[in-house]
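Printed here is run04.cif (mmCIF, C-alpha atoms and all ligand atoms):
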data_data
#
loop_
_atom_site.label_atom_id
_atom_site.label_comp_id
_atom_site.auth_asym_id
_atom_site.auth_seq_id
_atom_site.Cartn_x
_atom_site.Cartn_y
_atom_site.Cartn_z
CA MET A 226 123.92 93.19 87.30
CA THR A 227 124.96 95.45 84.40
CA ASN A 228 127.58 98.20 84.67
CA GLY A 229 127.28 98.07 88.47
CA LEU A 230 123.51 98.50 88.25
CA VAL A 231 121.46 96.44 90.71
CA ILE A 232 117.68 96.09 90.58
CA ARG A 233 116.36 94.72 93.87
CA ARG A 234 113.31 94.62 96.08
CA ALA A 235 113.12 97.66 98.35
CA GLY A 236 113.37 97.40 102.12
CA VAL A 237 111.60 99.68 104.59
CA GLY A 238 114.95 101.32 105.39
CA ASP A 239 115.23 102.52 101.77
CA ALA A 240 112.19 104.79 102.03
CA ARG A 241 113.91 108.14 102.55
CA ASN A 242 116.48 107.50 99.80
CA ILE A 243 113.68 106.46 97.44
CA VAL A 244 111.78 109.69 98.09
CA GLU A 245 115.00 111.63 97.41
CA ALA A 246 115.47 109.82 94.07
CA HIS A 247 111.77 110.33 93.29
CA HIS A 248 111.97 114.08 93.81
CA ALA A 249 115.29 114.37 91.97
CA ALA A 250 113.90 112.49 88.93
CA ILE A 251 110.95 114.88 88.78
CA ARG A 252 113.13 117.98 89.08
CA GLU A 253 115.67 116.69 86.54
CA LYS A 254 113.26 115.35 83.93
CA ALA A 255 109.69 116.61 84.41
CA ALA A 256 110.16 120.22 85.53
CA ALA A 257 109.94 121.60 81.99
CA HIS A 258 106.53 119.97 81.47
CA TYR A 259 104.58 121.37 84.44
CA PRO A 260 104.09 124.74 86.15
CA ALA A 261 106.43 125.43 89.07
CA GLU A 262 103.63 125.12 91.65
CA VAL A 263 102.92 121.56 90.45
CA ILE A 264 106.62 120.60 90.58
CA ASN A 265 106.89 122.06 94.09
CA ALA A 266 103.87 120.04 95.20
CA TRP A 267 104.95 116.83 93.43
CA ALA A 268 108.60 117.08 94.54
CA PRO A 269 108.73 119.36 97.60
CA GLU A 270 112.20 120.72 98.48
CA GLU A 271 111.78 119.40 102.00
CA ILE A 272 110.94 115.75 102.48
CA SER A 273 108.31 115.30 105.17
CA ASP A 274 108.40 112.46 107.69
CA ALA A 275 104.78 111.74 106.73
CA ARG A 276 105.81 111.12 103.09
CA VAL A 277 108.57 108.73 104.19
CA ALA A 278 106.24 106.92 106.62
CA LYS A 279 103.60 106.42 103.91
CA LEU A 280 106.20 104.89 101.60
CA GLU A 281 107.47 102.66 104.43
CA ASP A 282 103.92 101.33 104.84
CA HIS A 283 103.66 100.61 101.12
CA ILE A 284 107.03 98.85 101.03
CA ALA A 285 106.00 96.67 103.97
CA ALA A 286 102.51 95.93 102.60
CA GLU A 287 102.13 92.52 100.97
CA GLU A 288 100.08 93.76 98.01
CA PHE A 289 102.84 96.08 96.77
CA LEU A 290 106.08 95.20 95.05
CA THR A 291 108.55 98.08 95.26
CA LEU A 292 111.79 97.77 93.29
CA VAL A 293 114.81 100.05 93.49
CA ALA A 294 117.67 100.59 91.04
CA GLU A 295 121.02 101.09 92.74
CA LEU A 296 124.15 102.40 91.06
CA GLY A 297 127.39 102.49 93.03
CA GLY A 298 125.38 101.95 96.21
CA GLU A 299 123.07 104.91 95.52
CA ILE A 300 119.37 104.55 94.79
CA ILE A 301 118.77 106.23 91.43
CA GLY A 302 115.27 105.00 90.70
CA PHE A 303 112.31 102.97 91.80
CA GLY A 304 108.98 101.56 90.69
CA GLN A 305 105.95 100.10 92.37
CA VAL A 306 103.08 97.83 91.39
CA ASN A 307 99.97 96.68 93.27
CA ALA A 308 99.06 93.45 91.51
CA SER A 309 96.01 92.84 93.71
CA LYS A 310 94.51 96.10 92.37
CA ASN A 311 95.97 95.86 88.81
CA VAL A 312 97.66 99.21 89.33
CA LEU A 313 101.13 100.26 88.28
CA GLY A 314 102.26 103.00 90.63
CA ALA A 315 104.75 104.48 88.19
CA VAL A 316 108.49 104.39 87.60
CA TYR A 317 110.96 107.17 88.42
CA VAL A 318 114.64 107.23 87.45
CA ARG A 319 117.22 109.96 87.96
CA LYS A 320 119.57 111.06 85.18
CA ASN A 321 122.29 108.42 84.98
CA PRO A 322 125.05 107.22 82.67
CA VAL A 323 123.72 103.65 82.31
CA GLY A 324 120.48 104.03 80.31
CA GLY A 325 117.58 101.61 80.11
CA VAL A 326 117.07 101.66 83.88
CA GLY A 327 113.40 102.69 83.75
CA GLU A 328 112.67 100.00 81.20
CA ARG A 329 114.36 97.35 83.34
CA ILE A 330 112.34 98.30 86.41
CA LEU A 331 109.10 98.41 84.39
CA THR A 332 109.77 95.01 82.77
CA GLU A 333 110.30 93.39 86.18
CA LEU A 334 107.15 94.98 87.64
CA ILE A 335 105.07 93.78 84.66
CA ALA A 336 106.52 90.25 84.96
CA HIS A 337 105.62 90.22 88.65
CA ALA A 338 102.05 91.37 87.97
CA LYS A 339 101.68 88.71 85.28
CA ALA A 340 102.97 86.02 87.65
CA GLN A 341 100.34 87.18 90.18
CA GLY A 342 97.61 86.57 87.56
CA CYS A 343 97.04 90.14 86.36
CA ARG A 344 95.57 90.38 82.86
CA PHE A 345 95.94 94.15 82.71
CA LEU A 346 97.59 97.04 84.51
CA ALA A 347 96.17 100.54 84.77
CA MET A 348 98.12 103.65 85.64
CA ASP A 349 98.08 107.43 85.60
CA SER A 350 101.21 108.71 83.87
CA SER A 351 102.69 112.16 83.98
CA THR A 352 102.39 113.85 80.57
CA ASN A 353 106.18 113.79 80.07
CA ALA A 354 106.33 109.99 80.49
CA GLU A 355 103.41 109.01 78.20
CA ALA A 356 105.71 108.07 75.31
CA PHE A 357 107.90 105.97 77.63
CA TYR A 358 104.93 103.84 78.73
CA ARG A 359 103.58 103.64 75.16
CA ARG A 360 106.83 102.21 73.86
CA ASN A 361 106.52 99.61 76.60
CA GLY A 362 103.08 98.40 75.51
CA PHE A 363 100.72 100.73 77.34
CA ARG A 364 97.97 102.51 75.43
CA THR A 365 96.41 105.83 76.30
CA THR A 366 92.78 105.61 77.41
CA GLY A 367 92.24 109.28 78.27
CA TYR A 368 93.58 112.49 79.73
CA GLY A 369 92.66 113.82 83.15
CA LYS A 370 93.82 115.26 86.44
CA HIS A 371 95.69 113.71 89.33
CA HIS A 372 95.06 115.30 92.74
CA ILE A 373 98.10 115.89 94.95
CA SER A 374 96.33 115.79 98.30
CA SER A 375 99.28 117.03 100.39
CA ALA A 376 99.25 120.32 98.45
CA LYS A 377 95.57 120.36 97.37
CA ILE A 378 96.55 120.88 93.74
CA ASP A 379 95.71 119.06 90.49
CA MET A 380 98.21 118.06 87.82
CA ASP A 381 97.57 116.90 84.26
CA CYS A 382 97.91 113.16 83.83
CA VAL A 383 97.41 110.48 81.20
CA HIS A 384 95.24 107.43 81.90
CA MET A 385 97.00 104.37 80.48
CA MET A 386 96.41 100.65 80.29
CA LEU A 387 98.53 97.60 79.50
CA LYS A 388 96.81 94.39 78.40
CA MET A 389 98.87 91.33 79.20
CA GLU A 390 97.05 88.50 77.36
C1 LIG A 401 110.02 108.12 82.53
C2 LIG A 401 111.26 107.51 83.20
C3 LIG A 401 110.85 106.61 84.35
C4 LIG A 401 112.02 106.68 82.16
O1 LIG A 401 113.14 106.07 82.79
P1 LIG A 401 114.57 106.11 82.11
O2 LIG A 401 115.50 105.27 82.90
O3 LIG A 401 114.92 107.53 81.89
O4 LIG A 401 114.25 105.45 80.70
P2 LIG A 401 115.10 104.35 79.91
O5 LIG A 401 116.52 104.77 79.87
O6 LIG A 401 114.76 103.00 80.42
O7 LIG A 401 114.46 104.55 78.49
C5 LIG A 401 114.32 103.50 77.60
C6 LIG A 401 114.00 104.08 76.26
O8 LIG A 401 112.83 104.90 76.37
C7 LIG A 401 113.13 106.23 75.96
N1 LIG A 401 112.49 107.14 76.88
C8 LIG A 401 112.77 107.34 78.17
N2 LIG A 401 111.96 108.26 78.70
C9 LIG A 401 111.16 108.68 77.71
C10 LIG A 401 110.13 109.64 77.62
N3 LIG A 401 109.74 110.36 78.69
N4 LIG A 401 109.52 109.80 76.43
C11 LIG A 401 109.91 109.08 75.35
N5 LIG A 401 110.89 108.16 75.37
C12 LIG A 401 111.50 107.96 76.53
C13 LIG A 401 114.64 106.35 76.05
O9 LIG A 401 115.12 107.32 75.15
C14 LIG A 401 115.09 104.99 75.69
O10 LIG A 401 115.04 104.84 74.30
P3 LIG A 401 116.28 104.23 73.46
O11 LIG A 401 116.52 102.87 74.05
O12 LIG A 401 115.76 104.22 72.07
O13 LIG A 401 117.39 105.18 73.71
C15 LIG A 401 112.22 108.64 83.71
O14 LIG A 401 112.62 109.43 82.63
C16 LIG A 401 111.62 109.55 84.78
O15 LIG A 401 111.74 109.25 85.96
N6 LIG A 401 111.03 110.69 84.38
C17 LIG A 401 110.61 111.73 85.33
C18 LIG A 401 109.60 111.29 86.36
C19 LIG A 401 108.33 110.77 85.76
O16 LIG A 401 107.57 111.54 85.18
N7 LIG A 401 108.07 109.47 85.92
C20 LIG A 401 106.86 108.85 85.47
C21 LIG A 401 105.78 109.07 86.45
S1 LIG A 401 104.25 108.37 85.88
#
What's the structure tokens form of this structure?
Amino acid sequence: MTNGLVIRRAGVGDARNIVEAHHAAIREKAAAHYPAEVINAWAPEEISDARVAKLEDHIAAEEFLTLVAELGGEIIGFGQVNASKNVLGAVYVRKNPVGGVGERILTELIAHAKAQGCRFLAMDSSTNAEAFYRRNGFRTTGYGKHHISSAKIDMDCVHMMLKME
């Protein structure tokens, strides 16, 4: 615990608050990097029950580790890794006065993947976060598109890889 910040494993009951933090992080920090239609698809104003239910399934699934960052009892960020598939499912953190929250979540997810025997992690980063993952050991392997199926729209993304040997 630092400055009232708690990083803990998510529970199924956190799902709606995680989606709220997810969307807020996008709107606060990524909106300037993508067209409005992408931001609206990636972080819709209205949170659907289907989105929450999908996240609940992921939180409950054994292959995923979902961590949340809580400040003053409020979820301000989260991250997810699927070690069985060597996939980092990204990190999202709202604006906050603490700093270093994204890096703390990422470090714990990488340590978990390593403990599960992963030798590498792959991920698709948003363009705005490429430098964040690079400074944490990831390298860029290419640039492409990520499909947002709920809105049938593509967004630019960065294919990245972390070697852990
Ligand atoms: C990318 C993100 C997760 C980083 O989390 P964060 O809590 O803001 O980052 P931290 O405070 O841990 O940053 C640690 C260091 O990385 C730097 N950093 C953070 N985000 C960065 C970025 N996008 N580009 C370059 N450097 C970045 C910080 O300045 C800090 O450096 P310092 O210690 O020298 O001051 C967060 O900004 C975010 O949620 N962004 C919007 C959503 C998004 O695109 N997420 C990624 C989806 S793949």
Next item on the list: Calculate how many Å separate atom CA of A:Met380 from atom CA of A:Leu290, rounding to one decimal.
Entry: 25.2 Å
Margin query: As an exercise, work out the distance from atom CA of A:Ser375 to atom CA of A:Val312 in Å and give it to one decimal place.
Written below: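 Distance between the two atoms: 21.0 Å.
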Item checked: d(atom CA of A:Thr332, atom C14 of ligand LIG 401 (chain A)) in Å ->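 Computing the Euclidean distance for atom CA of A:Thr332 and atom C14 of ligand LIG 401 (chain A) yields 13.3 Å.
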Margin query: Using all atoms listed in the file for the distances, tell me which of A:Ala354, A:Ile264, A:Ile330, A:Ala347 is nearest to A:Thr291.
Written below: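 Looking only at the distances to A:Thr291, the closest residue turns out to be A:Ile330.
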Per residue of chain A within 10 Å of ligand LIG 401 (chain A), note the shortest atom pair and the distance in Å to one decimal, counting all atoms listed in the file, and order the rows by chain and increasing residue number, as CSV.
residue,atom,partner,partner_atom,distance
A:Ala246,CA,A:LIG401,O15,8.9
A:His247,CA,A:LIG401,C18,7.3
A:His248,CA,A:LIG401,C18,8.3
A:Ala249,CA,A:LIG401,C17,8.5
A:Ala250,CA,A:LIG401,O15,4.9
A:Ile251,CA,A:LIG401,C18,4.5
A:Arg252,CA,A:LIG401,C17,7.7
A:Glu253,CA,A:LIG401,C17,7.2
A:Lys254,CA,A:LIG401,C17,4.7
A:Ala255,CA,A:LIG401,C17,5.1
A:Ala256,CA,A:LIG401,C17,8.5
A:His258,CA,A:LIG401,O16,9.3
A:Ala294,CA,A:LIG401,O2,9.6
A:Ile301,CA,A:LIG401,O2,9.2
A:Gly302,CA,A:LIG401,O15,7.3
A:Phe303,CA,A:LIG401,C3,8.4
A:Gly304,CA,A:LIG401,C3,8.3
A:Leu313,CA,A:LIG401,S1,9.0
A:Gly314,CA,A:LIG401,S1,7.4
A:Ala315,CA,A:LIG401,S1,4.6
A:Val316,CA,A:LIG401,C3,4.6
A:Tyr317,CA,A:LIG401,O15,3.3
A:Val318,CA,A:LIG401,O15,3.8
A:Arg319,CA,A:LIG401,O15,5.9
A:Lys320,CA,A:LIG401,O3,6.7
A:Asn321,CA,A:LIG401,O2,7.8
A:Pro322,CA,A:LIG401,O5,9.3
A:Val323,CA,A:LIG401,O5,7.7
A:Gly324,CA,A:LIG401,O5,4.1
A:Gly325,CA,A:LIG401,O6,3.2
A:Val326,CA,A:LIG401,O2,4.1
A:Gly327,CA,A:LIG401,O2,3.4
A:Glu328,CA,A:LIG401,O6,3.7
A:Arg329,CA,A:LIG401,O6,6.4
A:Ile330,CA,A:LIG401,O6,8.0
A:Leu331,CA,A:LIG401,O6,8.3
A:Thr332,CA,A:LIG401,O6,9.7
A:Met348,CA,A:LIG401,S1,7.7
A:Asp349,CA,A:LIG401,S1,6.2
A:Ser350,CA,A:LIG401,S1,3.7
A:Ser351,CA,A:LIG401,S1,4.5
A:Thr352,CA,A:LIG401,O16,7.3
A:Asn353,CA,A:LIG401,N3,5.1
A:Ala354,CA,A:LIG401,N3,3.9
A:Glu355,CA,A:LIG401,N4,6.4
A:Ala356,CA,A:LIG401,C11,4.3
A:Phe357,CA,A:LIG401,C9,4.2
A:Tyr358,CA,A:LIG401,C1,7.7
A:Arg359,CA,A:LIG401,C11,8.3
A:Arg360,CA,A:LIG401,O8,7.0
A:Asn361,CA,A:LIG401,O8,8.2
A:Cys382,CA,A:LIG401,S1,8.2
A:Val383,CA,A:LIG401,S1,8.6
A:His384,CA,A:LIG401,S1,9.9
A:Met385,CA,A:LIG401,S1,9.9
Notebook entry, point to check: Of the residues A:Leu387, A:Ala266, A:Ile373, A:Ile300, which is the one nearest to A:Ile243, using all atoms listed in the file?
Noted result: A:Ile300
Item checked: Top pick for closest residue to A:Asp274, considering A:Val306, A:Val293, A:Ala240, A:Ile232 and counting all atoms listed in the file ->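 Nearest to A:Asp274: A:Ala240.
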Check: With all atoms listed in the file as the atoms that count, which of A:Leu296, A:Ala257, A:Met389, A:Val263 lies nearest to A:His337?
Finding: A:Met389
Next item on the list: Could you check which of A:Asn265, A:Asn307, A:Asn242, A:Ser374 is closest to A:Glu295, using only C-alpha atoms?
Entry: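 Of A:Asn265, A:Asn307, A:Asn242, A:Ser374, the one nearest A:Glu295, counting only C-alpha atoms, is A:Asn242.
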Check: So which one's closest to A:Gly238, A:Gly369, A:Gln305, A:Leu280, A:Lys339? Using all atoms listed in the file, please.
Finding: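 Closest to A:Gly238 of all the choices is A:Leu280.
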Next item on the list: Please provide as number ranges by chain all residues within 9 Å of A:Gly236, with the sequence filter that same-chain residues fewer than 5 positions apart are discarded (counting all atoms listed in the file).
Entry: A: 281, 284-285, 291-292
Next item on the list: Pull the neighbourhood of (99.0, 95.0, 81.5) for me: all residues within 7 Å in file coordinates, counting all atoms listed in the file, as a ChimeraX atom specification.
Entry: /A:335,344-346,386-389
Could you write those residues out with C-alpha atoms, as a compact mmCIF listing (two decimals), in the coordinates of the input?
# COMPACT_ATOMS: atom_id res chain seq x y z
CA ILE A 335 105.07 93.78 84.66
CA ARG A 344 95.57 90.38 82.86
CA PHE A 345 95.94 94.15 82.71
CA LEU A 346 97.59 97.04 84.51
CA MET A 386 96.41 100.65 80.29
CA LEU A 387 98.53 97.60 79.50
CA LYS A 388 96.81 94.39 78.40
CA MET A 389 98.87 91.33 79.20
